[in-house]
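Colleague: Structure file data14.cif (mmCIF, C-alpha atoms) right here:
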data_input
loop_
_atom_site.group_PDB
_atom_site.id
_atom_site.type_symbol
_atom_site.label_atom_id
_atom_site.label_comp_id
_atom_site.auth_asym_id
_atom_site.auth_seq_id
_atom_site.Cartn_x
_atom_site.Cartn_y
_atom_site.Cartn_z
ATOM 1 C CA MET B 1 -38.026 96.762 -34.010
ATOM 2 C CA GLU B 2 -36.895 99.913 -35.743
ATOM 3 C CA LEU B 3 -33.405 101.311 -36.086
ATOM 4 C CA PHE B 4 -33.142 104.990 -36.905
ATOM 5 C CA PHE B 5 -29.899 105.864 -38.642
ATOM 6 C CA SER B 6 -28.104 109.199 -38.681
ATOM 7 C CA ASP B 7 -25.248 108.919 -41.148
ATOM 8 C CA ASP B 8 -24.949 112.130 -43.116
ATOM 9 C CA LYS B 9 -22.107 110.760 -45.261
ATOM 10 C CA ASN B 10 -23.810 107.446 -46.153
ATOM 11 C CA ARG B 11 -21.092 105.241 -44.703
ATOM 12 C CA LEU B 12 -23.522 102.461 -43.785
ATOM 13 C CA THR B 13 -24.410 100.151 -46.646
ATOM 14 C CA ASP B 14 -27.822 98.499 -46.835
ATOM 15 C CA GLU B 15 -26.124 95.215 -45.926
ATOM 16 C CA ILE B 16 -24.574 96.691 -42.761
ATOM 17 C CA ARG B 17 -27.894 98.285 -41.764
ATOM 18 C CA SER B 18 -29.653 94.963 -42.257
ATOM 19 C CA LEU B 19 -27.039 93.100 -40.199
ATOM 20 C CA MET B 20 -27.335 95.681 -37.425
ATOM 21 C CA HIS B 21 -31.085 95.131 -37.396
ATOM 22 C CA ASP B 22 -30.550 91.360 -37.245
ATOM 23 C CA ALA B 23 -28.087 91.783 -34.364
ATOM 24 C CA ALA B 24 -30.550 93.939 -32.407
ATOM 25 C CA VAL B 25 -33.384 91.467 -32.956
ATOM 26 C CA ARG B 26 -31.188 88.551 -31.889
ATOM 27 C CA ALA B 27 -29.902 90.381 -28.794
ATOM 28 C CA LEU B 28 -33.413 91.262 -27.635
ATOM 29 C CA THR B 29 -34.671 87.763 -28.370
ATOM 30 C CA LEU B 30 -31.882 86.241 -26.271
ATOM 31 C CA GLU B 31 -32.521 88.656 -23.408
ATOM 32 C CA PHE B 32 -36.289 88.532 -23.222
ATOM 33 C CA SER B 33 -37.223 85.002 -24.275
ATOM 34 C CA ASP B 34 -37.855 82.542 -21.520
ATOM 35 C CA ALA B 35 -38.571 78.836 -21.223
ATOM 36 C CA ASP B 36 -42.289 79.416 -21.838
ATOM 37 C CA ALA B 37 -42.204 81.654 -24.895
ATOM 38 C CA GLU B 38 -39.868 83.296 -27.357
ATOM 39 C CA PHE B 39 -39.956 87.070 -27.364
ATOM 40 C CA ASP B 40 -40.838 88.395 -30.828
ATOM 41 C CA ALA B 41 -38.185 91.085 -31.098
ATOM 42 C CA LYS B 42 -38.654 91.475 -34.839
ATOM 43 C CA SER B 43 -42.194 92.801 -34.455
ATOM 44 C CA ALA B 44 -41.648 94.437 -31.056
ATOM 45 C CA ASP B 45 -42.578 98.111 -30.859
ATOM 46 C CA ALA B 46 -39.025 99.200 -30.040
ATOM 47 C CA GLU B 47 -36.563 101.798 -31.297
ATOM 48 C CA ILE B 48 -32.809 102.263 -31.248
ATOM 49 C CA GLY B 49 -31.028 105.310 -32.637
ATOM 50 C CA VAL B 50 -27.755 104.741 -34.497
ATOM 51 C CA THR B 51 -25.426 107.626 -35.320
ATOM 52 C CA VAL B 52 -22.199 107.369 -37.287
ATOM 53 C CA THR B 53 -19.834 110.224 -36.569
ATOM 54 C CA ASP B 54 -16.197 111.295 -36.747
ATOM 55 C CA ALA B 55 -13.404 111.241 -34.183
ATOM 56 C CA GLU B 56 -13.835 114.829 -33.008
ATOM 57 C CA GLU B 57 -17.567 114.537 -32.378
ATOM 58 C CA ILE B 58 -17.284 111.262 -30.469
ATOM 59 C CA ARG B 59 -14.408 112.727 -28.436
ATOM 60 C CA GLN B 60 -16.660 115.621 -27.438
ATOM 61 C CA LEU B 61 -19.512 113.267 -26.539
ATOM 62 C CA ASN B 62 -17.162 111.059 -24.550
ATOM 63 C CA ARG B 63 -15.856 114.126 -22.680
ATOM 64 C CA ASP B 64 -19.296 115.602 -22.046
ATOM 65 C CA TYR B 65 -21.103 112.412 -20.991
ATOM 66 C CA ARG B 66 -18.364 110.229 -19.508
ATOM 67 C CA GLY B 67 -15.745 112.764 -18.429
ATOM 68 C CA VAL B 68 -13.142 111.098 -20.667
ATOM 69 C CA ASP B 69 -11.520 113.519 -23.118
ATOM 70 C CA SER B 70 -10.448 111.025 -25.773
ATOM 71 C CA VAL B 71 -11.698 109.368 -28.933
ATOM 72 C CA THR B 72 -13.521 106.074 -28.450
ATOM 73 C CA ASP B 73 -14.961 103.614 -30.927
ATOM 74 C CA VAL B 74 -18.562 103.466 -29.708
ATOM 75 C CA LEU B 75 -20.790 105.040 -27.085
ATOM 76 C CA SER B 76 -24.039 103.683 -25.705
ATOM 77 C CA PHE B 77 -26.794 105.803 -24.207
ATOM 78 C CA PRO B 78 -29.310 103.458 -22.570
ATOM 79 C CA GLN B 79 -32.831 104.630 -21.903
ATOM 80 C CA TYR B 80 -33.198 102.220 -18.970
ATOM 81 C CA ASP B 81 -31.133 101.719 -15.834
ATOM 82 C CA ASP B 82 -33.066 98.589 -14.922
ATOM 83 C CA MET B 83 -33.744 95.837 -17.447
ATOM 84 C CA GLU B 84 -36.831 94.784 -15.482
ATOM 85 C CA ASP B 85 -38.341 98.185 -16.315
ATOM 86 C CA MET B 86 -37.642 97.629 -20.024
ATOM 87 C CA GLU B 87 -39.129 94.130 -19.868
ATOM 88 C CA SER B 88 -42.190 95.506 -18.093
ATOM 89 C CA ASP B 89 -42.644 98.140 -20.800
ATOM 90 C CA PHE B 90 -42.476 95.433 -23.479
ATOM 91 C CA GLU B 91 -45.004 93.305 -21.594
ATOM 92 C CA ASP B 92 -47.582 96.033 -21.023
ATOM 93 C CA GLY B 93 -47.585 96.979 -24.722
ATOM 94 C CA SER B 94 -48.503 100.576 -23.970
ATOM 95 C CA GLY B 95 -46.284 102.092 -26.650
ATOM 96 C CA THR B 96 -42.910 102.210 -28.277
ATOM 97 C CA VAL B 97 -40.024 101.108 -26.076
ATOM 98 C CA LEU B 98 -37.117 103.472 -26.626
ATOM 99 C CA ILE B 99 -34.131 101.256 -25.868
ATOM 100 C CA GLY B 100 -31.436 103.886 -26.336
ATOM 101 C CA ASP B 101 -28.880 105.326 -28.725
ATOM 102 C CA VAL B 102 -25.627 104.071 -30.222
ATOM 103 C CA VAL B 103 -22.908 106.376 -31.550
ATOM 104 C CA ILE B 104 -20.175 104.776 -33.677
ATOM 105 C CA CYS B 105 -16.948 106.513 -34.691
ATOM 106 C CA TYR B 106 -16.302 105.907 -38.383
ATOM 107 C CA ASP B 107 -12.609 106.785 -38.069
ATOM 108 C CA ARG B 108 -12.189 104.080 -35.418
ATOM 109 C CA VAL B 109 -14.170 101.568 -37.511
ATOM 110 C CA LEU B 110 -11.643 102.035 -40.305
ATOM 111 C CA SER B 111 -8.540 101.895 -38.100
ATOM 112 C CA GLN B 112 -9.752 98.894 -36.071
ATOM 113 C CA ALA B 113 -10.869 97.002 -39.179
ATOM 114 C CA GLU B 114 -7.329 97.381 -40.493
ATOM 115 C CA GLU B 115 -5.644 96.704 -37.141
ATOM 116 C CA PHE B 116 -7.656 93.544 -36.436
ATOM 117 C CA GLY B 117 -7.966 92.448 -40.069
ATOM 118 C CA THR B 118 -11.730 92.085 -39.746
ATOM 119 C CA GLY B 119 -13.049 94.383 -42.453
ATOM 120 C CA VAL B 120 -15.331 97.400 -42.209
ATOM 121 C CA LYS B 121 -18.599 95.430 -42.280
ATOM 122 C CA ARG B 122 -17.643 93.203 -39.376
ATOM 123 C CA GLU B 123 -16.225 96.094 -37.348
ATOM 124 C CA PHE B 124 -19.425 98.157 -37.757
ATOM 125 C CA VAL B 125 -21.631 95.210 -36.806
ATOM 126 C CA TYR B 126 -19.369 94.162 -33.933
ATOM 127 C CA LEU B 127 -19.321 97.664 -32.418
ATOM 128 C CA PHE B 128 -23.086 97.933 -32.820
ATOM 129 C CA THR B 129 -23.613 94.539 -31.170
ATOM 130 C CA HIS B 130 -21.269 95.508 -28.334
ATOM 131 C CA SER B 131 -23.213 98.714 -27.842
ATOM 132 C CA ILE B 132 -26.621 96.992 -27.936
ATOM 133 C CA LEU B 133 -25.466 94.738 -25.119
ATOM 134 C CA HIS B 134 -24.540 97.837 -23.112
ATOM 135 C CA LEU B 135 -28.069 99.147 -23.763
ATOM 136 C CA LEU B 136 -29.348 95.851 -22.348
ATOM 137 C CA GLY B 137 -27.328 96.187 -19.155
ATOM 138 C CA TYR B 138 -24.112 94.307 -19.976
ATOM 139 C CA ASP B 139 -20.754 95.660 -18.912
ATOM 140 C CA HIS B 140 -17.121 94.602 -19.023
ATOM 141 C CA MET B 141 -15.535 96.305 -16.035
ATOM 142 C CA GLN B 142 -15.000 93.022 -14.159
ATOM 143 C CA GLU B 143 -13.365 89.982 -15.746
ATOM 144 C CA ASP B 144 -16.439 87.745 -15.304
ATOM 145 C CA GLU B 145 -18.682 90.439 -16.831
ATOM 146 C CA LYS B 146 -16.241 90.801 -19.717
ATOM 147 C CA ARG B 147 -16.268 87.043 -20.420
ATOM 148 C CA GLU B 148 -20.082 86.963 -20.343
ATOM 149 C CA MET B 149 -20.396 89.982 -22.630
ATOM 150 C CA ARG B 150 -17.802 88.700 -25.114
ATOM 151 C CA ALA B 151 -19.499 85.306 -25.262
ATOM 152 C CA ARG B 152 -22.871 86.944 -25.964
ATOM 153 C CA GLU B 153 -21.329 89.182 -28.656
ATOM 154 C CA GLU B 154 -19.798 86.197 -30.418
ATOM 155 C CA GLU B 155 -23.033 84.203 -30.106
ATOM 156 C CA ILE B 156 -25.036 86.989 -31.756
ATOM 157 C CA LEU B 157 -22.472 87.627 -34.491
ATOM 158 C CA HIS B 158 -22.203 83.912 -35.264
ATOM 159 C CA GLU B 159 -25.988 83.527 -35.434
ATOM 160 C CA ILE B 160 -26.342 86.378 -37.933
ATOM 161 C CA GLY B 161 -23.416 85.107 -40.028
ATOM 162 C CA VAL B 162 -20.820 87.761 -39.218
ATOM 163 C CA THR B 163 -17.550 85.993 -38.502
ATOM 164 C CA ARG B 164 -13.914 86.975 -38.236
#
Output the file's structure in the form of structure tokens.

Modeller:
Amino acid sequence: MELFFSDDKNRLTDEIRSLMHDAAVRALTLEFSDADAEFDAKSADAEIGVTVTDAEEIRQLNRDYRGVDSVTDVLSFPQYDDMEDMESDFEDGSGTVLIGDVVICYDRVLSQAEEFGTGVKREFVYLFTHSILHLLGYDHMQEDEKREMRAREEEILHEIGVTR
């Protein structure tokens, strides 16, 4: 599992990058392990792009790709529409599985960390975890989906030691 970071202002510390990697590994392990075998996400030939940007750039991306002309905290660009296709690509081992891209707004990380009292590290890792789950097909448009996604976020964050 590789994360490729684009952060031209070096806002991500080594600790945050490491926690993001741990969150991605844990999310994939939870999604693709079954009763017979645990999926080895750590050594999986998989890639996720992570970009940290400012409010104006994420607003433009949100407008261009979602039709919403406002600043948001994180955007997810999944490579797969169907998780069975992703699982199949992992199973056949024919090459690197490009899971998708995550774009995080640094300005929103700062404001939400202050608003929620969580700190910058937790807010970065939370938004990344939230976005990874979107890449894996989770959504929160319906209340039951929201509960399931929130529970999985908290499970992952707890398991990697990132608490409120």

Colleague: Of the candidates B:Leu136, B:Leu3, B:Met149, B:Leu157, which one gets nearest to B:Ala44 if we count all atoms listed in the file?

Modeller: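 Under the stated criterion, the closest residue is B:Leu3.
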
Colleague: Using the chain letters and numbers from the file, give me the residues hit by the PyMOL selection byres ((chain B and resi 98-105) around 9), as a PDB file with C-alpha atoms, keeping the file's coordinate frame.

Modeller:
ATOM      1  CA  ASP B  45     -42.578  98.111 -30.859  1.00  0.00           C
ATOM      2  CA  ALA B  46     -39.025  99.200 -30.040  1.00  0.00           C
ATOM      3  CA  GLU B  47     -36.563 101.798 -31.297  1.00  0.00           C
ATOM      4  CA  ILE B  48     -32.809 102.263 -31.248  1.00  0.00           C
ATOM      5  CA  GLY B  49     -31.028 105.310 -32.637  1.00  0.00           C
ATOM      6  CA  VAL B  50     -27.755 104.741 -34.497  1.00  0.00           C
ATOM      7  CA  THR B  51     -25.426 107.626 -35.320  1.00  0.00           C
ATOM      8  CA  VAL B  52     -22.199 107.369 -37.287  1.00  0.00           C
ATOM      9  CA  THR B  53     -19.834 110.224 -36.569  1.00  0.00           C
ATOM     10  CA  ASP B  54     -16.197 111.295 -36.747  1.00  0.00           C
ATOM     11  CA  ALA B  55     -13.404 111.241 -34.183  1.00  0.00           C
ATOM     12  CA  GLU B  57     -17.567 114.537 -32.378  1.00  0.00           C
ATOM     13  CA  ILE B  58     -17.284 111.262 -30.469  1.00  0.00           C
ATOM     14  CA  VAL B  71     -11.698 109.368 -28.933  1.00  0.00           C
ATOM     15  CA  THR B  72     -13.521 106.074 -28.450  1.00  0.00           C
ATOM     16  CA  ASP B  73     -14.961 103.614 -30.927  1.00  0.00           C
ATOM     17  CA  VAL B  74     -18.562 103.466 -29.708  1.00  0.00           C
ATOM     18  CA  LEU B  75     -20.790 105.040 -27.085  1.00  0.00           C
ATOM     19  CA  SER B  76     -24.039 103.683 -25.705  1.00  0.00           C
ATOM     20  CA  PHE B  77     -26.794 105.803 -24.207  1.00  0.00           C
ATOM     21  CA  PRO B  78     -29.310 103.458 -22.570  1.00  0.00           C
ATOM     22  CA  GLN B  79     -32.831 104.630 -21.903  1.00  0.00           C
ATOM     23  CA  TYR B  80     -33.198 102.220 -18.970  1.00  0.00           C
ATOM     24  CA  MET B  86     -37.642  97.629 -20.024  1.00  0.00           C
ATOM     25  CA  THR B  96     -42.910 102.210 -28.277  1.00  0.00           C
ATOM     26  CA  VAL B  97     -40.024 101.108 -26.076  1.00  0.00           C
ATOM     27  CA  TYR B 106     -16.302 105.907 -38.383  1.00  0.00           C
ATOM     28  CA  ASP B 107     -12.609 106.785 -38.069  1.00  0.00           C
ATOM     29  CA  ARG B 108     -12.189 104.080 -35.418  1.00  0.00           C
ATOM     30  CA  VAL B 109     -14.170 101.568 -37.511  1.00  0.00           C
ATOM     31  CA  LEU B 110     -11.643 102.035 -40.305  1.00  0.00           C
ATOM     32  CA  PHE B 124     -19.425  98.157 -37.757  1.00  0.00           C
ATOM     33  CA  LEU B 127     -19.321  97.664 -32.418  1.00  0.00           C
ATOM     34  CA  PHE B 128     -23.086  97.933 -32.820  1.00  0.00           C
ATOM     35  CA  SER B 131     -23.213  98.714 -27.842  1.00  0.00           C
ATOM     36  CA  ILE B 132     -26.621  96.992 -27.936  1.00  0.00           C
ATOM     37  CA  LEU B 135     -28.069  99.147 -23.763  1.00  0.00           C
ATOM     38  CA  LEU B 136     -29.348  95.851 -22.348  1.00  0.00           C
TER      39      LEU B 136
END

Colleague: Enter the distance from atom CA of B:Ala24 to atom CA of B:Ile156, in Å, rounded to one decimal.

Modeller: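 Computing the Euclidean distance for atom CA of B:Ala24 and atom CA of B:Ile156 yields 8.9 Å.
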
Colleague: From the list B:Lys42, B:Asp85, B:Glu153, B:Val162, which residue is nearest B:His134 when using only C-alpha atoms?

Modeller: B:Glu153

Colleague: For a quick check of understanding, using all atoms listed in the file, which of B:Arg122, B:Arg59, B:Arg66, B:His140 has the smallest distance to B:Leu12?

Modeller: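 Of B:Arg122, B:Arg59, B:Arg66, B:His140, the one nearest B:Leu12 is B:Arg122, counting all atoms listed in the file.
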
Colleague: Set the distance at 8 Å and use only C-alpha atoms: which residues neighbour B:Ser70 once local chain neighbours fewer than 5 positions away are removed? I'd like the list as JSON, numbers by chain.

Modeller: {"B": [59, 60, 62, 63]}

Colleague: What are the centre and edge lengths in Å, to one decimal, of the axis-aligned box around all listed atoms of stretch 118-137 of chain B with 5 Å added on each side, as JSON?

Modeller:
{"center_x": -20.5, "center_y": 95.6, "center_z": -30.8, "size_x": 27.6, "size_y": 17.1, "size_z": 33.3}

Colleague: Can you pull out every residue within 12 Å of B:Glu154, counting all atoms listed in the file, but drop anything in the same chain fewer than 4 positions away, and send it as a ChimeraX atom specification?

Modeller: /B:23,26-27,122,125-127,129-130,133,147-150,158-164

Colleague: Just give me the gap between atom CA of B:Met1 and atom CA of B:Val120 in Å, one decimal is fine.

Modeller: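 Separation of atom CA of B:Met1 and atom CA of B:Val120: 24.1 Å.
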
Colleague: Any idea what the distance is between atom CA of B:Leu19 and atom CA of B:Glu115?

Modeller: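 About the pair atom CA of B:Leu19 and atom CA of B:Glu115: they are 21.9 Å apart.
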
Colleague: Using all atoms listed in the file, which of B:Leu28, B:Glu84, B:Gly119, B:Lys9 sits nearest B:Arg152?

Modeller: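 Among the listed residues, B:Leu28 lies closest to B:Arg152.
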